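Chemist: Sharing a structure below in structure tokens format, with a few things to ask.
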Amino acid sequence: MEQKIIIYNTLTRKKEVFEPLNPPFVGIYVCGPTVYGDAHLGHARPAITFDLVFRYFRHLGYKVRYVRNITDVGHLENDADAGEDKIAKKARIEQLEPMEVVQYYTDRYHTDIDQLNVLKPSIEPRASGHIIEQIEMIKKILEAGYAYESNGSVYFDVEKYSKSYHYGKLSGRVLEDLRANSRELEGQEEKRSGIDFALWKKAQPEHIMRWPSPWSEGFPGWHLECSVMSIRYLGETFDIHGGGLDLQFPHHECEIAQSQIAVGHDTVRYWMHNNMVTINGQKMAKSLGNFITLEQFFKGDHPALVQAFSPMTIRFFMLQAHYRSTLDFSNEALQAAEKGCKRLMEAGRTLQNLVSQLSGKQSVTIEKVGDPVLQLKQNCYDAINDDFNSPVLISFLFEAVRTINSAKEKADFLTADELLFLQQLYNDFVFDILGLKDESLGSGNEGIINGLMDLVLVIRQQARANKDWPTSDKIRDDLAKLSITIKDSKEGSSWNID
Ligand code: ZN
């Protein structure tokens, strides 16, 4: 934990040294998907960005509680609190119960995101599971005088709030502009001002998702769930709140206002926002025909794709850009990422082979590791500590790749200690922190079998080096009973299943 992490705080617009509120605990809340359609690149980016953050804190030994919600109610089609609920609309069109839509797309989201090797959050709460708490928060805001009821709906009084607090401090929006823009939007009749936002909406007769409340049968406003669930699981002050840049306004700005009134202060210590994804320089949109789901990427099943791109290619490509930069997808860029990722994995296998030839040596004597190799590790930490700068980290990992390839060509290029040191570096940064996987080793059980067989062969090789023939023969004979044949040659041992 001795690493000093710098985070760019979107609220202060400054890089700040990260100091957790209650070390060794770190609390992270990230806005998850609204589940009414298949996951696409826009979903993959925050998932991977905050997976990197989650993984790095865990790597350093922090006890991280990572909360990523599922929005299953209240996300309306337009920002002025009008239009249909996105999930209810899908349910109506497909003649399903809204919770069937939610379950179906939540399951599909998990399947796609799992393939990207994104770790599961510690808690994945749903908005519809926290209606009571949302009603309680609305009562508090009403009691404090910063909300009003209108025709069964409840609205947050932004005009009043902005007299004492800075509405727009996160997004940099200016009230005058917001007022001007809101005049053109529909669904403003019940509001005192166009910039007020809904805390509770009375359900129209055709609206199927509804709960009883003191004001009407209805449903909570979209912004409320994240205020409620972050406080519920992380407390009234917590470390990091993340999400896509598109959520900065109005979603996160409204969260700040709600929490300020409900608990009397800001709840979030560091705000982090990942930038957006474009495709060939354009915004992703169904109407532009460039709306490609993750599953379509994995299968190559979209007219805009020249081939399939594996989950690790997508993950590597995202990590090659800093999370605060925009990321533009094209077939060429993805093909280049595929190549780069393969090179990194090939060097990992080369390193594994070189290490397995060290016959039993396992511990590193740091004094025997040369400065250039030691410096490489320091550089990797410096990169990730600098606001999770994954592209710079990857550039240092490619330095490791060049070193490993030189060691392959020239036997004494690295000492045994240096090889083991590099293996640890690879395990830490490539697999543990960046969360990349060697896809050539197969997924799931196949990957496990390959790993186990590597281990068995290393043990057998050590037995042979020690002239322990009974152990070496027992391994070969017992594997034969499982229909696994071992072949010994000058280059080493290989195996296959008959
Ligand atoms: Zn949210």
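Chain lettering (A, B, ...) mirrors the order of the structure tokens, residue numbering begins at 1 for each chain separately, and ligand numbering begins at 1 in order of display.
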Would you mind listing what lies within 7 Å of range 342-352 of chain A as a PyMOL selection string, with only C-alpha atoms counted and same-chain residues fewer than 2 positions away left out?
Modeler: chain A and resi 338-340+354-356+401+404-405+423+438
Chemist: Sorted by chain and rising residue number, list the residues of chain A at most 10 Å from ligand 1 (counting only C-alpha atoms and all ligand atoms), each with its closest atom pair and distance in Å to one decimal, as JSON lines.
Modeler:
{"residue": "A:Tyr29", "atom": "CA", "partner": "ligand 1", "partner_atom_place_in_ligand_line": "1 (Zn)", "distance": 8.6}
{"residue": "A:Val30", "atom": "CA", "partner": "ligand 1", "partner_atom_place_in_ligand_line": "1 (Zn)", "distance": 6.9}
{"residue": "A:Cys31", "atom": "CA", "partner": "ligand 1", "partner_atom_place_in_ligand_line": "1 (Zn)", "distance": 4.1}
{"residue": "A:Gly32", "atom": "CA", "partner": "ligand 1", "partner_atom_place_in_ligand_line": "1 (Zn)", "distance": 6.9}
{"residue": "A:Pro33", "atom": "CA", "partner": "ligand 1", "partner_atom_place_in_ligand_line": "1 (Zn)", "distance": 8.8}
{"residue": "A:Thr34", "atom": "CA", "partner": "ligand 1", "partner_atom_place_in_ligand_line": "1 (Zn)", "distance": 9.6}
{"residue": "A:Arg68", "atom": "CA", "partner": "ligand 1", "partner_atom_place_in_ligand_line": "1 (Zn)", "distance": 8.8}
{"residue": "A:Asn69", "atom": "CA", "partner": "ligand 1", "partner_atom_place_in_ligand_line": "1 (Zn)", "distance": 7.5}
{"residue": "A:Ile70", "atom": "CA", "partner": "ligand 1", "partner_atom_place_in_ligand_line": "1 (Zn)", "distance": 8.9}
{"residue": "A:Thr71", "atom": "CA", "partner": "ligand 1", "partner_atom_place_in_ligand_line": "1 (Zn)", "distance": 8.0}
{"residue": "A:Ala127", "atom": "CA", "partner": "ligand 1", "partner_atom_place_in_ligand_line": "1 (Zn)", "distance": 9.8}
{"residue": "A:Trp222", "atom": "CA", "partner": "ligand 1", "partner_atom_place_in_ligand_line": "1 (Zn)", "distance": 7.9}
{"residue": "A:His223", "atom": "CA", "partner": "ligand 1", "partner_atom_place_in_ligand_line": "1 (Zn)", "distance": 6.3}
{"residue": "A:Leu224", "atom": "CA", "partner": "ligand 1", "partner_atom_place_in_ligand_line": "1 (Zn)", "distance": 8.2}
{"residue": "A:Glu225", "atom": "CA", "partner": "ligand 1", "partner_atom_place_in_ligand_line": "1 (Zn)", "distance": 7.0}
{"residue": "A:Cys226", "atom": "CA", "partner": "ligand 1", "partner_atom_place_in_ligand_line": "1 (Zn)", "distance": 4.6}
{"residue": "A:Ser227", "atom": "CA", "partner": "ligand 1", "partner_atom_place_in_ligand_line": "1 (Zn)", "distance": 7.7}
{"residue": "A:Val228", "atom": "CA", "partner": "ligand 1", "partner_atom_place_in_ligand_line": "1 (Zn)", "distance": 9.9}
{"residue": "A:Met229", "atom": "CA", "partner": "ligand 1", "partner_atom_place_in_ligand_line": "1 (Zn)", "distance": 9.2}
{"residue": "A:Ser230", "atom": "CA", "partner": "ligand 1", "partner_atom_place_in_ligand_line": "1 (Zn)", "distance": 9.1}
{"residue": "A:His241", "atom": "CA", "partner": "ligand 1", "partner_atom_place_in_ligand_line": "1 (Zn)", "distance": 9.1}
{"residue": "A:Gly242", "atom": "CA", "partner": "ligand 1", "partner_atom_place_in_ligand_line": "1 (Zn)", "distance": 8.6}
{"residue": "A:Gly243", "atom": "CA", "partner": "ligand 1", "partner_atom_place_in_ligand_line": "1 (Zn)", "distance": 7.4}
{"residue": "A:Gly244", "atom": "CA", "partner": "ligand 1", "partner_atom_place_in_ligand_line": "1 (Zn)", "distance": 9.6}
{"residue": "A:Leu247", "atom": "CA", "partner": "ligand 1", "partner_atom_place_in_ligand_line": "1 (Zn)", "distance": 7.4}
{"residue": "A:Gln248", "atom": "CA", "partner": "ligand 1", "partner_atom_place_in_ligand_line": "1 (Zn)", "distance": 9.4}
{"residue": "A:His251", "atom": "CA", "partner": "ligand 1", "partner_atom_place_in_ligand_line": "1 (Zn)", "distance": 6.5}
{"residue": "A:His252", "atom": "CA", "partner": "ligand 1", "partner_atom_place_in_ligand_line": "1 (Zn)", "distance": 6.8}
{"residue": "A:Cys254", "atom": "CA", "partner": "ligand 1", "partner_atom_place_in_ligand_line": "1 (Zn)", "distance": 9.8}
{"residue": "A:Glu255", "atom": "CA", "partner": "ligand 1", "partner_atom_place_in_ligand_line": "1 (Zn)", "distance": 7.9}
Chemist: Can you build me a table of range 367-484 of chain A residues sitting at most 12 Å from range 41-50 of chain A, with the closest atom pair per residue and its distance in Å to one decimal, using only C-alpha atoms, sorted by chain and residue number, as a Markdown table?
Modeler:
| residue | atom | partner | partner_atom | distance |
| --- | --- | --- | --- | --- |
| A:Asp387 | CA | A:Thr49 | CA | 11.2 |
| A:Phe388 | CA | A:Thr49 | CA | 8.9 |
| A:Asn389 | CA | A:Thr49 | CA | 10.6 |
| A:Ser390 | CA | A:Thr49 | CA | 9.6 |
| A:Ile433 | CA | A:Ile48 | CA | 11.2 |
| A:Leu434 | CA | A:Ile48 | CA | 9.2 |
| A:Gly435 | CA | A:Ile48 | CA | 9.1 |
| A:Leu436 | CA | A:Ile48 | CA | 10.9 |
Chemist: Write to file, as a short mmCIF file (atom, residue, chain, number, x, y, z; two decimals), in the first residue's frame, the residues of the selection just made, with N, CA and C atoms.
Modeler:
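This went into out.cif:
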data_model
loop_
_atom_site.label_atom_id
_atom_site.label_comp_id
_atom_site.auth_asym_id
_atom_site.auth_seq_id
_atom_site.Cartn_x
_atom_site.Cartn_y
_atom_site.Cartn_z
N ASP A 387 -2.86 8.63 -12.11
CA ASP A 387 -4.24 8.63 -12.60
C ASP A 387 -4.52 7.44 -13.54
N PHE A 388 -4.04 6.26 -13.12
CA PHE A 388 -4.31 5.01 -13.84
C PHE A 388 -3.94 5.12 -15.32
N ASN A 389 -2.70 5.54 -15.54
CA ASN A 389 -2.28 5.76 -16.93
C ASN A 389 -1.90 4.44 -17.60
N SER A 390 -2.92 3.73 -18.06
CA SER A 390 -2.69 2.42 -18.65
C SER A 390 -1.89 2.45 -19.96
N ILE A 433 -3.45 -6.70 -12.69
CA ILE A 433 -3.91 -5.30 -12.69
C ILE A 433 -4.62 -4.94 -14.00
N LEU A 434 -3.99 -5.22 -15.14
CA LEU A 434 -4.67 -4.91 -16.41
C LEU A 434 -5.77 -5.92 -16.71
N GLY A 435 -5.73 -7.06 -16.04
CA GLY A 435 -6.80 -8.05 -16.20
C GLY A 435 -6.83 -8.70 -17.57
N LEU A 436 -5.67 -8.79 -18.23
CA LEU A 436 -5.63 -9.45 -19.54
C LEU A 436 -5.46 -10.96 -19.34
#
Chemist: Tell me which of A:Thr326, A:Asn496, A:Ser128, A:Gln115 sits closest to Pro98 in chain A, counting only C-alpha atoms.
Modeler: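 Closest residue, counting only C-alpha atoms: A:Ser128.
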Chemist: Quick one, how far is CA of Glu124 in chain A from CA of Asp196 in chain A?
Modeler: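 Pair CA of Glu124 in chain A / CA of Asp196 in chain A returns 29.0 Å.
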Chemist: What's the 10 Å shell around range 266-269 of chain A, counting only C-alpha atoms, without same-chain residues fewer than 2 positions away, as number ranges by chain?
Modeler: A: 9, 11, 18-21, 27-29, 227, 230-231, 234-242, 255-264, 271
Chemist: Keeping C-alpha atoms, export the residues of the selection given above as a PDB file, in the first residue's frame.
Modeler:
ATOM      1  CA  ASN A   9     -10.888  14.624  -9.494  1.00  0.00           C
ATOM      2  CA  LEU A  11     -15.112  17.982  -9.287  1.00  0.00           C
ATOM      3  CA  PHE A  18      -5.646   9.752  -3.140  1.00  0.00           C
ATOM      4  CA  GLU A  19      -6.092   9.226   0.567  1.00  0.00           C
ATOM      5  CA  PRO A  20      -8.809   6.786   1.558  1.00  0.00           C
ATOM      6  CA  LEU A  21     -11.218   7.888   4.255  1.00  0.00           C
ATOM      7  CA  GLY A  27     -15.419   2.496  -1.196  1.00  0.00           C
ATOM      8  CA  ILE A  28     -16.234   2.856  -4.888  1.00  0.00           C
ATOM      9  CA  TYR A  29     -19.637   3.511  -6.446  1.00  0.00           C
ATOM     10  CA  SER A 227     -27.727   8.892  -4.043  1.00  0.00           C
ATOM     11  CA  SER A 230     -24.258   4.781  -2.560  1.00  0.00           C
ATOM     12  CA  ILE A 231     -25.105   6.083   0.931  1.00  0.00           C
ATOM     13  CA  LEU A 234     -20.794   3.044   1.410  1.00  0.00           C
ATOM     14  CA  GLY A 235     -21.924   5.549   4.022  1.00  0.00           C
ATOM     15  CA  GLU A 236     -22.593   9.282   4.019  1.00  0.00           C
ATOM     16  CA  THR A 237     -19.025   9.999   2.920  1.00  0.00           C
ATOM     17  CA  PHE A 238     -17.197   7.620   0.625  1.00  0.00           C
ATOM     18  CA  ASP A 239     -14.076   7.581  -1.511  1.00  0.00           C
ATOM     19  CA  ILE A 240     -14.782   7.333  -5.237  1.00  0.00           C
ATOM     20  CA  HIS A 241     -17.823   7.844  -7.452  1.00  0.00           C
ATOM     21  CA  GLY A 242     -17.383   6.922 -11.077  1.00  0.00           C
ATOM     22  CA  GLU A 255     -27.021  13.377  -7.193  1.00  0.00           C
ATOM     23  CA  ILE A 256     -24.800  16.003  -5.581  1.00  0.00           C
ATOM     24  CA  ALA A 257     -27.780  18.303  -4.959  1.00  0.00           C
ATOM     25  CA  GLN A 258     -29.935  15.521  -3.485  1.00  0.00           C
ATOM     26  CA  SER A 259     -27.202  14.219  -1.185  1.00  0.00           C
ATOM     27  CA  GLN A 260     -26.256  17.734  -0.078  1.00  0.00           C
ATOM     28  CA  ILE A 261     -29.802  18.367   1.166  1.00  0.00           C
ATOM     29  CA  ALA A 262     -30.452  14.844   2.506  1.00  0.00           C
ATOM     30  CA  VAL A 263     -27.230  14.471   4.535  1.00  0.00           C
ATOM     31  CA  GLY A 264     -25.985  18.062   4.718  1.00  0.00           C
ATOM     32  CA  TRP A 271     -15.283  11.977  -8.802  1.00  0.00           C
TER      33      TRP A 271
END
Chemist: Quick one: everything within 10 Å of Pro250 in chain A, counting only C-alpha atoms, minus sequence neighbours fewer than 5 positions away in the same chain. Send it as a ChimeraX atom specification.
Modeler: /A:79-80,168,170-171,173,195,197,223,255
Chemist: Take the residues from that selection and write them out as a PDB file, in the first residue's frame, keeping all heavy atoms.
Modeler:
ATOM      1  N   ASP A  79     -34.347  13.963 -20.767  1.00  0.00           N
ATOM      2  CA  ASP A  79     -33.781  14.486 -19.534  1.00  0.00           C
ATOM      3  C   ASP A  79     -34.726  15.408 -18.773  1.00  0.00           C
ATOM      4  O   ASP A  79     -34.470  15.776 -17.639  1.00  0.00           O
ATOM      5  CB  ASP A  79     -32.493  15.273 -19.847  1.00  0.00           C
ATOM      6  CG  ASP A  79     -31.352  14.327 -20.144  1.00  0.00           C
ATOM      7  OD1 ASP A  79     -31.482  13.129 -19.825  1.00  0.00           O
ATOM      8  OD2 ASP A  79     -30.335  14.787 -20.687  1.00  0.00           O
ATOM      9  N   ALA A  80     -35.827  15.808 -19.375  1.00  0.00           N
ATOM     10  CA  ALA A  80     -36.738  16.741 -18.711  1.00  0.00           C
ATOM     11  C   ALA A  80     -37.841  16.001 -17.976  1.00  0.00           C
ATOM     12  O   ALA A  80     -38.920  16.540 -17.764  1.00  0.00           O
ATOM     13  CB  ALA A  80     -37.328  17.694 -19.721  1.00  0.00           C
ATOM     14  N   GLY A 168     -24.201  22.941 -10.640  1.00  0.00           N
ATOM     15  CA  GLY A 168     -23.363  23.072 -11.834  1.00  0.00           C
ATOM     16  C   GLY A 168     -21.884  22.963 -11.486  1.00  0.00           C
ATOM     17  O   GLY A 168     -21.037  23.061 -12.360  1.00  0.00           O
ATOM     18  N   LEU A 170     -20.097  20.440 -10.641  1.00  0.00           N
ATOM     19  CA  LEU A 170     -19.419  19.275 -11.204  1.00  0.00           C
ATOM     20  C   LEU A 170     -19.290  19.395 -12.722  1.00  0.00           C
ATOM     21  O   LEU A 170     -18.223  19.185 -13.288  1.00  0.00           O
ATOM     22  CB  LEU A 170     -20.187  17.995 -10.852  1.00  0.00           C
ATOM     23  CG  LEU A 170     -19.604  16.701 -11.415  1.00  0.00           C
ATOM     24  CD1 LEU A 170     -18.300  16.348 -10.704  1.00  0.00           C
ATOM     25  CD2 LEU A 170     -20.590  15.535 -11.277  1.00  0.00           C
ATOM     26  N   SER A 171     -20.391  19.770 -13.351  1.00  0.00           N
ATOM     27  CA  SER A 171     -20.420  19.755 -14.819  1.00  0.00           C
ATOM     28  C   SER A 171     -19.986  21.077 -15.434  1.00  0.00           C
ATOM     29  O   SER A 171     -19.729  21.149 -16.632  1.00  0.00           O
ATOM     30  CB  SER A 171     -21.849  19.450 -15.281  1.00  0.00           C
ATOM     31  OG  SER A 171     -22.731  20.436 -14.762  1.00  0.00           O
ATOM     32  N   ARG A 173     -21.922  23.527 -15.796  1.00  0.00           N
ATOM     33  CA  ARG A 173     -23.071  24.143 -16.474  1.00  0.00           C
ATOM     34  C   ARG A 173     -23.474  25.436 -15.758  1.00  0.00           C
ATOM     35  O   ARG A 173     -23.339  25.553 -14.549  1.00  0.00           O
ATOM     36  CB  ARG A 173     -24.268  23.196 -16.493  1.00  0.00           C
ATOM     37  CG  ARG A 173     -23.994  21.856 -17.128  1.00  0.00           C
ATOM     38  CD  ARG A 173     -23.964  21.949 -18.633  1.00  0.00           C
ATOM     39  NE  ARG A 173     -23.626  20.652 -19.205  1.00  0.00           N
ATOM     40  CZ  ARG A 173     -24.454  19.938 -19.966  1.00  0.00           C
ATOM     41  NH1 ARG A 173     -25.648  20.403 -20.264  1.00  0.00           N
ATOM     42  NH2 ARG A 173     -24.075  18.773 -20.460  1.00  0.00           N
ATOM     43  N   ILE A 195     -35.700  23.882 -14.868  1.00  0.00           N
ATOM     44  CA  ILE A 195     -34.454  23.205 -14.466  1.00  0.00           C
ATOM     45  C   ILE A 195     -34.651  22.308 -13.238  1.00  0.00           C
ATOM     46  O   ILE A 195     -33.742  21.601 -12.836  1.00  0.00           O
ATOM     47  CB  ILE A 195     -33.313  24.217 -14.184  1.00  0.00           C
ATOM     48  CG1 ILE A 195     -33.714  25.209 -13.093  1.00  0.00           C
ATOM     49  CG2 ILE A 195     -32.915  24.950 -15.454  1.00  0.00           C
ATOM     50  CD1 ILE A 195     -32.562  26.098 -12.660  1.00  0.00           C
ATOM     51  N   PHE A 197     -35.890  19.009 -11.210  1.00  0.00           N
ATOM     52  CA  PHE A 197     -35.905  17.620 -11.709  1.00  0.00           C
ATOM     53  C   PHE A 197     -36.746  16.743 -10.782  1.00  0.00           C
ATOM     54  O   PHE A 197     -36.963  17.066  -9.610  1.00  0.00           O
ATOM     55  CB  PHE A 197     -34.488  17.078 -11.879  1.00  0.00           C
ATOM     56  CG  PHE A 197     -33.661  17.050 -10.616  1.00  0.00           C
ATOM     57  CD1 PHE A 197     -33.706  15.954  -9.763  1.00  0.00           C
ATOM     58  CD2 PHE A 197     -32.824  18.112 -10.297  1.00  0.00           C
ATOM     59  CE1 PHE A 197     -32.943  15.920  -8.602  1.00  0.00           C
ATOM     60  CE2 PHE A 197     -32.055  18.098  -9.132  1.00  0.00           C
ATOM     61  CZ  PHE A 197     -32.119  16.995  -8.280  1.00  0.00           C
ATOM     62  N   HIS A 223     -32.270   9.948 -10.917  1.00  0.00           N
ATOM     63  CA  HIS A 223     -31.047  10.349 -10.201  1.00  0.00           C
ATOM     64  C   HIS A 223     -31.025   9.895  -8.747  1.00  0.00           C
ATOM     65  O   HIS A 223     -29.973   9.763  -8.146  1.00  0.00           O
ATOM     66  CB  HIS A 223     -30.885  11.876 -10.241  1.00  0.00           C
ATOM     67  CG  HIS A 223     -31.136  12.447 -11.594  1.00  0.00           C
ATOM     68  ND1 HIS A 223     -30.465  11.996 -12.705  1.00  0.00           N
ATOM     69  CD2 HIS A 223     -32.003  13.397 -12.028  1.00  0.00           C
ATOM     70  CE1 HIS A 223     -30.910  12.656 -13.767  1.00  0.00           C
ATOM     71  NE2 HIS A 223     -31.841  13.509 -13.383  1.00  0.00           N
ATOM     72  N   GLU A 255     -27.391  14.197  -8.360  1.00  0.00           N
ATOM     73  CA  GLU A 255     -27.021  13.377  -7.193  1.00  0.00           C
ATOM     74  C   GLU A 255     -26.383  14.247  -6.112  1.00  0.00           C
ATOM     75  O   GLU A 255     -26.678  14.108  -4.923  1.00  0.00           O
ATOM     76  CB  GLU A 255     -25.986  12.326  -7.609  1.00  0.00           C
ATOM     77  CG  GLU A 255     -26.551  10.974  -7.954  1.00  0.00           C
ATOM     78  CD  GLU A 255     -25.430   9.955  -8.096  1.00  0.00           C
ATOM     79  OE1 GLU A 255     -24.655   9.772  -7.140  1.00  0.00           O
ATOM     80  OE2 GLU A 255     -25.304   9.355  -9.169  1.00  0.00           O
TER      81      GLU A 255
END
Chemist: Skipping near chain neighbours, those fewer than 3 positions away, what residues fall within 10 Å of Gly145 in chain A using only C-alpha atoms, listed as a short mmCIF file (atom, residue, chain, number, x, y, z; two decimals) with N, CA and C atoms, in the first residue's frame?
Modeler:
data_model
loop_
_atom_site.label_atom_id
_atom_site.label_comp_id
_atom_site.auth_asym_id
_atom_site.auth_seq_id
_atom_site.Cartn_x
_atom_site.Cartn_y
_atom_site.Cartn_z
N LYS A 139 -38.73 12.35 1.44
CA LYS A 139 -39.34 12.97 2.62
C LYS A 139 -38.36 13.96 3.26
N LYS A 140 -37.11 13.53 3.39
CA LYS A 140 -36.09 14.41 3.99
C LYS A 140 -35.92 15.69 3.19
N ILE A 141 -35.87 15.55 1.88
CA ILE A 141 -35.66 16.73 1.04
C ILE A 141 -36.88 17.66 1.11
N LEU A 142 -38.07 17.06 1.17
CA LEU A 142 -39.30 17.86 1.32
C LEU A 142 -39.28 18.62 2.66
N TYR A 148 -40.90 20.11 -3.81
CA TYR A 148 -42.33 20.45 -3.71
C TYR A 148 -43.14 19.40 -4.46
N PHE A 156 -37.43 18.37 -7.29
CA PHE A 156 -36.36 19.04 -6.55
C PHE A 156 -36.34 20.50 -6.99
N ASP A 157 -36.26 21.41 -6.00
CA ASP A 157 -36.33 22.85 -6.29
C ASP A 157 -34.92 23.39 -6.58
N LYS A 160 -34.28 27.20 -5.79
CA LYS A 160 -34.02 27.51 -4.39
C LYS A 160 -32.63 27.00 -3.98
N TYR A 161 -32.33 25.78 -4.41
CA TYR A 161 -31.04 25.17 -4.07
C TYR A 161 -29.88 26.06 -4.52
N ILE A 261 -28.65 18.02 0.33
CA ILE A 261 -29.80 18.37 1.17
C ILE A 261 -30.14 17.23 2.14
#
Chemist: Taking 5 positions as the minimum chain separation for residues in the same chain, which residues sit within 12 Å of range 361-365 of chain A when counting only C-alpha atoms? Answer as a list in words.
Modeler: Leu354, Val355, Ser356, Gly370, Leu374, Thr415, Ala416, Asp417, Glu418, Leu419, Leu420, Phe421, Leu422, Gln423, Gln424, Val458, Ile459 and Gln462 of chain A
Chemist: Run DSSP on the backbone and give me the residues of range 131-334 of chain A it puts in strand (DSSP E), as a PyMOL selection string.
Modeler: chain A and resi 147-150+153-156+197-202+218-220+238-244+268-274+277-279+282-283+327-329
Chemist: Would you output that residue set with C-alpha atoms, as a compact mmCIF listing (two decimals), in the first residue's frame?
Modeler:
# COMPACT_ATOMS: atom_id res chain seq x y z
CA ALA A 147 -38.65 19.94 -2.98
CA TYR A 148 -42.33 20.45 -3.71
CA GLU A 149 -45.28 18.28 -4.65
CA SER A 150 -47.15 18.96 -7.84
CA SER A 153 -45.22 14.11 -8.46
CA VAL A 154 -42.36 15.56 -6.41
CA TYR A 155 -39.68 17.84 -7.87
CA PHE A 156 -36.36 19.04 -6.55
CA PHE A 197 -35.90 17.62 -11.71
CA ALA A 198 -38.16 14.77 -10.62
CA LEU A 199 -37.70 12.92 -7.35
CA TRP A 200 -41.02 11.07 -7.71
CA LYS A 201 -43.27 10.74 -10.72
CA LYS A 202 -46.96 9.92 -10.57
CA GLY A 218 -45.68 6.09 -9.10
CA PHE A 219 -41.96 5.58 -9.39
CA PRO A 220 -38.75 7.35 -8.31
CA PHE A 238 -17.20 7.62 0.63
CA ASP A 239 -14.08 7.58 -1.51
CA ILE A 240 -14.78 7.33 -5.24
CA HIS A 241 -17.82 7.84 -7.45
CA GLY A 242 -17.38 6.92 -11.08
CA GLY A 243 -19.28 6.75 -14.33
CA GLY A 244 -19.26 7.82 -17.95
CA VAL A 268 -18.19 11.87 -2.65
CA ARG A 269 -14.48 12.60 -2.11
CA TYR A 270 -13.19 11.87 -5.65
CA TRP A 271 -15.28 11.98 -8.80
CA MET A 272 -13.94 10.03 -11.78
CA HIS A 273 -15.40 10.05 -15.30
CA ASN A 274 -14.38 7.95 -18.26
CA VAL A 277 -16.34 5.92 -27.37
CA THR A 278 -16.76 6.89 -30.99
CA ILE A 279 -16.76 4.67 -34.07
CA GLN A 282 -18.79 9.31 -35.18
CA LYS A 283 -21.06 8.97 -32.20
CA LEU A 327 -11.54 6.41 -27.85
CA ASP A 328 -12.21 5.92 -31.52
CA PHE A 329 -12.92 2.44 -32.83
Chemist: Would you pick out the contacts of Arg92 in chain A at 12 Å or less, using only C-alpha atoms, so that residues sharing its chain but fewer than 6 positions from it are not included, and give the list as a VMD selection string?
Modeler: chain A and resid 36 84 to 86 98 to 101 206 to 209
Chemist: Give me, please, the distance in Å between CA of Ala480 in chain A and CA of Trp495 in chain A, quoted to one decimal.
Modeler: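 CA of Trp495 in chain A lies 10.3 Å from CA of Ala480 in chain A.
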